[in-house]
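Below is one structure, written out as structure tokens; comments come after it.
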Amino acid sequence: MQRILILGGTAEARQLAQKLADRDDVAVTLSLAGRTATPAPQGVPVRVGGFGGSKGLAQYLASERVNVLIDATHPYAASMSDHAARAVELIDVRLMALRRAPWVAQQGDRWTEVADAQQAVQALGEAPRHVFLALGRQELAPFRQAPQHHYLIRSVDPVTPPLAVPQATYITARGPFEEADELVLLKQHEIDVIVCKNSGGDASYGKIAAARMLAREVIMIARPKLPDFPSVDTIDEVLHWLDHAVAS
Ligand code: NAP
């Protein structure tokens, strides 16, 4: 029996959990940070909240007799991935990351690549613009420094307190977001620039394709540096690894 902990918070983590849920040779728990008030059903038992760093995670793995850790967190959740890498140095647990490949700019894309949200604020420039901030609620604060812009802010849960800027429109919605709907959204709000992260995957690609169609700029915040441990791009590759490398 493999006792598996999936570090989640992504559609892929949920889909992987659902694929493993009915197997009787594995016992799966999925871990969420607790960022969203009403997370989507995950299909397996869920635990919520931080572990208290890498040592706390190692203690959890030991106490729950976990022997396989799958880091299926978002590619920008660098601290959690770092803690996973350090935890398995303390305890004998197999570790694999399920990580989406980044999007690659195509012909017609107008991407400005920046290192972080602070640089994204600078890249917006001085002149007022209509900005779609496709970022998490916790990442909005730097945009207070540029109150001249009109912001469209979309998040799963309401932004409380709201961003301290005079012009902001809020939408609460949960992806996936289709290209056709994103096209309507960009036109409706007269968006001329999107600020986002290179999340990869299909669920949030609609806005990138829509921006290309409308020749809108995308300010793309670069991926953080992640720890160097084995990683695969697809759920099928994780399942193959579980059945061959781990089981043997
Ligand atoms: P982070 O900066 O890497 O993590 C901050 C702390 O949150 C970690 O040190 C850990 O606390 C806790 N944590 C993170 N993921 C966890 C998980 N799956 N289970 C239990 N604790 C977790 O992460 P983040 O960027 O804030 O992301 C938080 C969650 O949202 C992740 O699960 C991620 O997959 C999801 N998410 C993130 C983004 C994004 O753009 N960052 C986008 C979509 C979804 P302790 O040190 O106390 O263990």
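Letters A, B, ... mark the chains of the structure tokens in the order given; residue numbers begin at 1 per chain; ligand numbers begin at 1, in order shown.
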
Strand (DSSP E or B) residues, from DSSP on the backbone, in stretch 32-151 of chain A, as a tab-separated table (two decimals) with C-alpha atoms, in the first residue's frame:
chain	number	residue	atom	x	y	z
A	32	LEU	CA	-4.52	22.61	0.46
A	46	VAL	CA	-8.32	16.71	2.23
A	47	ARG	CA	-6.23	18.36	4.92
A	48	VAL	CA	-6.04	22.16	5.00
A	68	VAL	CA	5.16	9.17	-1.63
A	69	LEU	CA	4.94	12.96	-1.85
A	70	ILE	CA	3.66	14.54	-5.04
A	71	ASP	CA	4.18	18.27	-5.37
A	94	ARG	CA	9.82	9.49	-2.64
A	95	LEU	CA	9.18	12.93	-4.18
A	96	MET	CA	7.90	13.85	-7.63
A	97	ALA	CA	6.62	17.17	-8.97
A	98	LEU	CA	3.73	17.49	-11.38
A	110	ARG	CA	2.93	41.10	-27.38
A	111	TRP	CA	4.54	39.97	-24.13
A	112	THR	CA	6.65	42.11	-21.85
A	113	GLU	CA	8.46	39.77	-19.46
A	114	VAL	CA	9.16	41.06	-15.94
A	130	HIS	CA	-7.11	49.87	-18.48
A	131	VAL	CA	-5.37	46.96	-16.77
A	132	PHE	CA	-6.66	43.43	-16.25
A	133	LEU	CA	-4.86	42.16	-13.13
A	134	ALA	CA	-5.10	38.38	-13.52
A	150	HIS	CA	-8.18	51.60	-14.05
A	151	TYR	CA	-7.97	48.02	-12.80

**OP:** Please identify every polymer residue within 8 Å of ligand 1, using only C-alpha atoms and all ligand atoms, and present the set as a ChimeraX atom specification.
**Re:** /A:6-10,30-35,47-54,56-57,71-83,135-136,138,197,199

Generate a file of the selected residues that holds N, CA and C atoms, formatted as a tab-separated table (two decimals), in the first residue's frame.
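Just written: result-v2.tsv:
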chain	number	residue	atom	x	y	z
A	6	ILE	N	-0.60	14.44	-1.77
A	6	ILE	CA	-0.51	15.35	-2.92
A	6	ILE	C	-0.58	16.78	-2.38
A	7	LEU	N	0.43	17.56	-2.68
A	7	LEU	CA	0.38	19.00	-2.36
A	7	LEU	C	-0.38	19.66	-3.50
A	8	GLY	N	-1.54	20.22	-3.19
A	8	GLY	CA	-2.45	20.63	-4.26
A	8	GLY	C	-2.66	22.13	-4.38
A	9	GLY	N	-3.90	22.48	-4.73
A	9	GLY	CA	-4.24	23.88	-4.99
A	9	GLY	C	-4.31	24.17	-6.48
A	10	THR	N	-4.28	23.10	-7.29
A	10	THR	CA	-4.34	23.26	-8.75
A	10	THR	C	-5.35	22.26	-9.33
A	30	LEU	N	-5.01	14.80	0.02
A	30	LEU	CA	-4.62	15.99	-0.73
A	30	LEU	C	-4.52	17.16	0.25
A	31	SER	N	-3.48	17.94	0.10
A	31	SER	CA	-3.24	19.06	1.01
A	31	SER	C	-3.47	20.40	0.32
A	32	LEU	N	-4.25	21.25	0.97
A	32	LEU	CA	-4.52	22.61	0.46
A	32	LEU	C	-3.99	23.62	1.46
A	33	ALA	N	-3.54	24.76	0.93
A	33	ALA	CA	-3.02	25.81	1.81
A	33	ALA	C	-4.15	26.48	2.59
A	34	GLY	N	-5.36	26.48	2.02
A	34	GLY	CA	-6.49	27.13	2.67
A	34	GLY	C	-6.71	28.55	2.18
A	35	ARG	N	-6.25	28.83	0.96
A	35	ARG	CA	-6.37	30.20	0.42
A	35	ARG	C	-7.79	30.54	-0.03
A	47	ARG	N	-6.66	17.64	3.71
A	47	ARG	CA	-6.23	18.36	4.92
A	47	ARG	C	-5.94	19.81	4.48
A	48	VAL	N	-6.16	20.75	5.39
A	48	VAL	CA	-6.04	22.16	5.00
A	48	VAL	C	-5.11	22.91	5.96
A	49	GLY	N	-4.24	23.76	5.37
A	49	GLY	CA	-3.38	24.64	6.17
A	49	GLY	C	-1.92	24.26	6.05
A	50	GLY	N	-1.04	25.24	6.39
A	50	GLY	CA	0.40	25.01	6.29
A	50	GLY	C	0.87	23.94	7.28
A	51	PHE	N	2.07	23.44	7.04
A	51	PHE	CA	2.66	22.40	7.90
A	51	PHE	C	3.62	23.01	8.92
A	52	GLY	N	3.96	24.29	8.73
A	52	GLY	CA	4.97	24.90	9.59
A	52	GLY	C	6.37	24.64	9.05
A	53	GLY	N	6.54	24.89	7.75
A	53	GLY	CA	7.88	24.76	7.15
A	53	GLY	C	8.25	23.32	6.84
A	54	SER	N	9.53	23.15	6.40
A	54	SER	CA	9.96	21.82	5.94
A	54	SER	C	9.99	20.81	7.09
A	56	GLY	N	8.08	20.82	9.76
A	56	GLY	CA	6.68	20.47	10.05
A	56	GLY	C	6.14	19.49	9.02
A	57	LEU	N	6.52	19.69	7.77
A	57	LEU	CA	6.07	18.77	6.72
A	57	LEU	C	6.68	17.38	6.95
A	71	ASP	N	4.33	16.81	-5.41
A	71	ASP	CA	4.18	18.27	-5.37
A	71	ASP	C	3.46	18.71	-6.63
A	72	ALA	N	2.15	18.88	-6.50
A	72	ALA	CA	1.35	19.33	-7.65
A	72	ALA	C	0.85	20.75	-7.40
A	73	THR	N	1.65	21.52	-6.67
A	73	THR	CA	1.28	22.92	-6.42
A	73	THR	C	1.49	23.74	-7.69
A	74	HIS	N	0.98	24.94	-7.65
A	74	HIS	CA	1.13	25.88	-8.76
A	74	HIS	C	2.61	26.21	-8.95
A	75	PRO	N	3.06	26.43	-10.21
A	75	PRO	CA	4.50	26.70	-10.41
A	75	PRO	C	5.01	27.96	-9.71
A	76	TYR	N	4.09	28.83	-9.24
A	76	TYR	CA	4.55	30.02	-8.50
A	76	TYR	C	4.53	29.78	-6.99
A	77	ALA	N	4.14	28.60	-6.55
A	77	ALA	CA	4.15	28.28	-5.11
A	77	ALA	C	5.54	27.76	-4.74
A	78	ALA	N	6.53	28.63	-4.84
A	78	ALA	CA	7.93	28.19	-4.72
A	78	ALA	C	8.30	27.80	-3.30
A	79	SER	N	7.70	28.45	-2.30
A	79	SER	CA	8.07	28.11	-0.91
A	79	SER	C	7.65	26.69	-0.59
A	80	MET	N	6.42	26.33	-1.00
A	80	MET	CA	5.93	24.98	-0.69
A	80	MET	C	6.81	23.93	-1.38
A	81	SER	N	7.20	24.19	-2.63
A	81	SER	CA	8.06	23.24	-3.35
A	81	SER	C	9.42	23.13	-2.67
A	82	ASP	N	9.93	24.27	-2.21
A	82	ASP	CA	11.20	24.28	-1.52
A	82	ASP	C	11.11	23.46	-0.23
A	83	HIS	N	10.00	23.62	0.50
A	83	HIS	CA	9.84	22.87	1.75
A	83	HIS	C	9.72	21.37	1.47
A	135	LEU	N	-4.17	38.18	-11.30
A	135	LEU	CA	-3.23	37.71	-10.26
A	135	LEU	C	-4.03	37.28	-9.05
A	136	GLY	N	-3.37	36.61	-8.12
A	136	GLY	CA	-4.05	36.22	-6.88
A	136	GLY	C	-4.31	37.43	-5.99
A	138	GLN	N	-3.49	37.93	-3.05
A	138	GLN	CA	-2.34	38.29	-2.20
A	138	GLN	C	-1.27	39.04	-2.97
A	197	LYS	N	0.65	35.77	-14.64
A	197	LYS	CA	1.78	34.87	-14.45
A	197	LYS	C	1.77	33.81	-15.52
A	199	SER	N	1.31	30.70	-15.93
A	199	SER	CA	0.83	29.53	-15.19
A	199	SER	C	0.95	28.25	-16.00

**OP:** Find the residues near A:Gly175: any atom within 12 Å, counting only C-alpha atoms, skip ones fewer than 5 places away on the same chain, and give them as a ChimeraX atom specification.
**Re:** /A:10-11,40,134,154-156,181-182,201-207

Original post:
Which of these residues is nearest to A:Asn198, using only C-alpha atoms: A:Val104, A:Ile171, A:Ala210, A:Ala17?
Top reply: A:Val104

Subject >> Spatial neighbours of A:Ala164, max dist 10 Å, only C-alpha atoms, sep filter under 3 positions, as a VMD selection string >> reply: chain A and resid 140 to 141 143 to 145 147 161 167 to 168

**OP:** Quick one: pick out all alpha helix (DSSP H) residues within stretch 46-181 of chain A from a backbone DSSP run and write them as an NGL selection string.
**Re:** :A and (53-63 or 78-90 or 117-124 or 179-181)

Take the selection from the previous step and output its residues with N, CA and C atoms, as a tab-separated table (two decimals), in the first residue's frame.
chain	number	residue	atom	x	y	z
A	53	GLY	N	6.54	24.89	7.75
A	53	GLY	CA	7.88	24.76	7.15
A	53	GLY	C	8.25	23.32	6.84
A	54	SER	N	9.53	23.15	6.40
A	54	SER	CA	9.96	21.82	5.94
A	54	SER	C	9.99	20.81	7.09
A	55	LYS	N	10.38	21.25	8.28
A	55	LYS	CA	10.41	20.31	9.42
A	55	LYS	C	9.01	19.86	9.78
A	56	GLY	N	8.08	20.82	9.76
A	56	GLY	CA	6.68	20.47	10.05
A	56	GLY	C	6.14	19.49	9.02
A	57	LEU	N	6.52	19.69	7.77
A	57	LEU	CA	6.07	18.77	6.72
A	57	LEU	C	6.68	17.38	6.95
A	58	ALA	N	7.98	17.35	7.27
A	58	ALA	CA	8.64	16.04	7.52
A	58	ALA	C	7.94	15.32	8.68
A	59	GLN	N	7.58	16.08	9.72
A	59	GLN	CA	6.89	15.46	10.87
A	59	GLN	C	5.53	14.91	10.46
A	60	TYR	N	4.83	15.69	9.63
A	60	TYR	CA	3.52	15.23	9.16
A	60	TYR	C	3.67	13.93	8.35
A	61	LEU	N	4.65	13.91	7.45
A	61	LEU	CA	4.86	12.72	6.60
A	61	LEU	C	5.17	11.50	7.46
A	62	ALA	N	5.98	11.72	8.50
A	62	ALA	CA	6.34	10.60	9.38
A	62	ALA	C	5.11	10.13	10.17
A	63	SER	N	4.38	11.08	10.72
A	63	SER	CA	3.25	10.67	11.59
A	63	SER	C	2.14	10.02	10.78
A	78	ALA	N	6.53	28.63	-4.84
A	78	ALA	CA	7.93	28.19	-4.72
A	78	ALA	C	8.30	27.80	-3.30
A	79	SER	N	7.70	28.45	-2.30
A	79	SER	CA	8.07	28.11	-0.91
A	79	SER	C	7.65	26.69	-0.59
A	80	MET	N	6.42	26.33	-1.00
A	80	MET	CA	5.93	24.98	-0.69
A	80	MET	C	6.81	23.93	-1.38
A	81	SER	N	7.20	24.19	-2.63
A	81	SER	CA	8.06	23.24	-3.35
A	81	SER	C	9.42	23.13	-2.67
A	82	ASP	N	9.93	24.27	-2.21
A	82	ASP	CA	11.20	24.28	-1.52
A	82	ASP	C	11.11	23.46	-0.23
A	83	HIS	N	10.00	23.62	0.50
A	83	HIS	CA	9.84	22.87	1.75
A	83	HIS	C	9.72	21.37	1.47
A	84	ALA	N	9.07	21.03	0.36
A	84	ALA	CA	8.95	19.60	0.00
A	84	ALA	C	10.33	19.02	-0.25
A	85	ALA	N	11.16	19.77	-1.00
A	85	ALA	CA	12.51	19.29	-1.32
A	85	ALA	C	13.33	19.09	-0.05
A	86	ARG	N	13.17	20.02	0.91
A	86	ARG	CA	13.98	19.93	2.13
A	86	ARG	C	13.43	18.87	3.08
A	87	ALA	N	12.11	18.67	3.06
A	87	ALA	CA	11.51	17.66	3.95
A	87	ALA	C	12.01	16.25	3.61
A	88	VAL	N	12.11	15.96	2.30
A	88	VAL	CA	12.53	14.59	1.93
A	88	VAL	C	14.03	14.35	2.14
A	89	GLU	N	14.76	15.42	2.52
A	89	GLU	CA	16.14	15.20	2.96
A	89	GLU	C	16.16	14.71	4.40
A	90	LEU	N	15.05	14.93	5.11
A	90	LEU	CA	14.98	14.56	6.53
A	90	LEU	C	14.32	13.21	6.75
A	117	ALA	N	5.94	41.38	-9.50
A	117	ALA	CA	4.82	42.33	-9.56
A	117	ALA	C	5.32	43.78	-9.50
A	118	GLN	N	6.39	44.01	-8.73
A	118	GLN	CA	6.95	45.35	-8.62
A	118	GLN	C	7.40	45.86	-10.00
A	119	GLN	N	8.08	44.99	-10.74
A	119	GLN	CA	8.52	45.37	-12.10
A	119	GLN	C	7.32	45.52	-13.04
A	120	ALA	N	6.27	44.74	-12.78
A	120	ALA	CA	5.06	44.87	-13.61
A	120	ALA	C	4.46	46.27	-13.45
A	121	VAL	N	4.48	46.79	-12.22
A	121	VAL	CA	3.96	48.14	-11.96
A	121	VAL	C	4.75	49.15	-12.81
A	122	GLN	N	6.08	49.01	-12.82
A	122	GLN	CA	6.92	49.93	-13.61
A	122	GLN	C	6.59	49.79	-15.10
A	123	ALA	N	6.41	48.54	-15.54
A	123	ALA	CA	6.19	48.29	-16.97
A	123	ALA	C	4.86	48.88	-17.46
A	124	LEU	N	3.93	49.13	-16.55
A	124	LEU	CA	2.65	49.73	-16.96
A	124	LEU	C	2.85	51.16	-17.45
A	179	GLU	N	-11.57	31.09	-24.17
A	179	GLU	CA	-11.06	32.20	-24.98
A	179	GLU	C	-12.19	33.15	-25.41
A	180	ALA	N	-13.33	32.58	-25.84
A	180	ALA	CA	-14.43	33.43	-26.34
A	180	ALA	C	-14.93	34.36	-25.23
A	181	ASP	N	-15.02	33.84	-24.01
A	181	ASP	CA	-15.50	34.66	-22.89
A	181	ASP	C	-14.47	35.71	-22.51

Subject >> Top pick for closest residue to A:Ile219, considering A:Ala105, A:Val165, A:Ala21, A:Leu183 and counting only C-alpha atoms >> reply: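 Of the candidates, the smallest distance to A:Ile219 is held by A:Ala105.
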
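The interatomic distance for the pair atom CA of A:Val218 and atom CA of A:Cys196 works out to 7.3 Å.
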
Subject >> Interatomic distance, atom CA of A:Gln18 to atom CA of A:Val44 (Å, one decimal) >> reply: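 Going from atom CA of A:Gln18 over to atom CA of A:Val44 covers 7.0 Å.
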
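Nearest to A:Trp103 of all the residues A:Leu242, A:Ile194, A:Val66, A:Met220 is A:Met220, based on only C-alpha atoms.
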
Original post:
How many Å lie between atom CA of A:Gln42 and atom CA of A:Asp233, rounded to one decimal?
Top reply: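 Between these atoms lies a distance of 19.9 Å.
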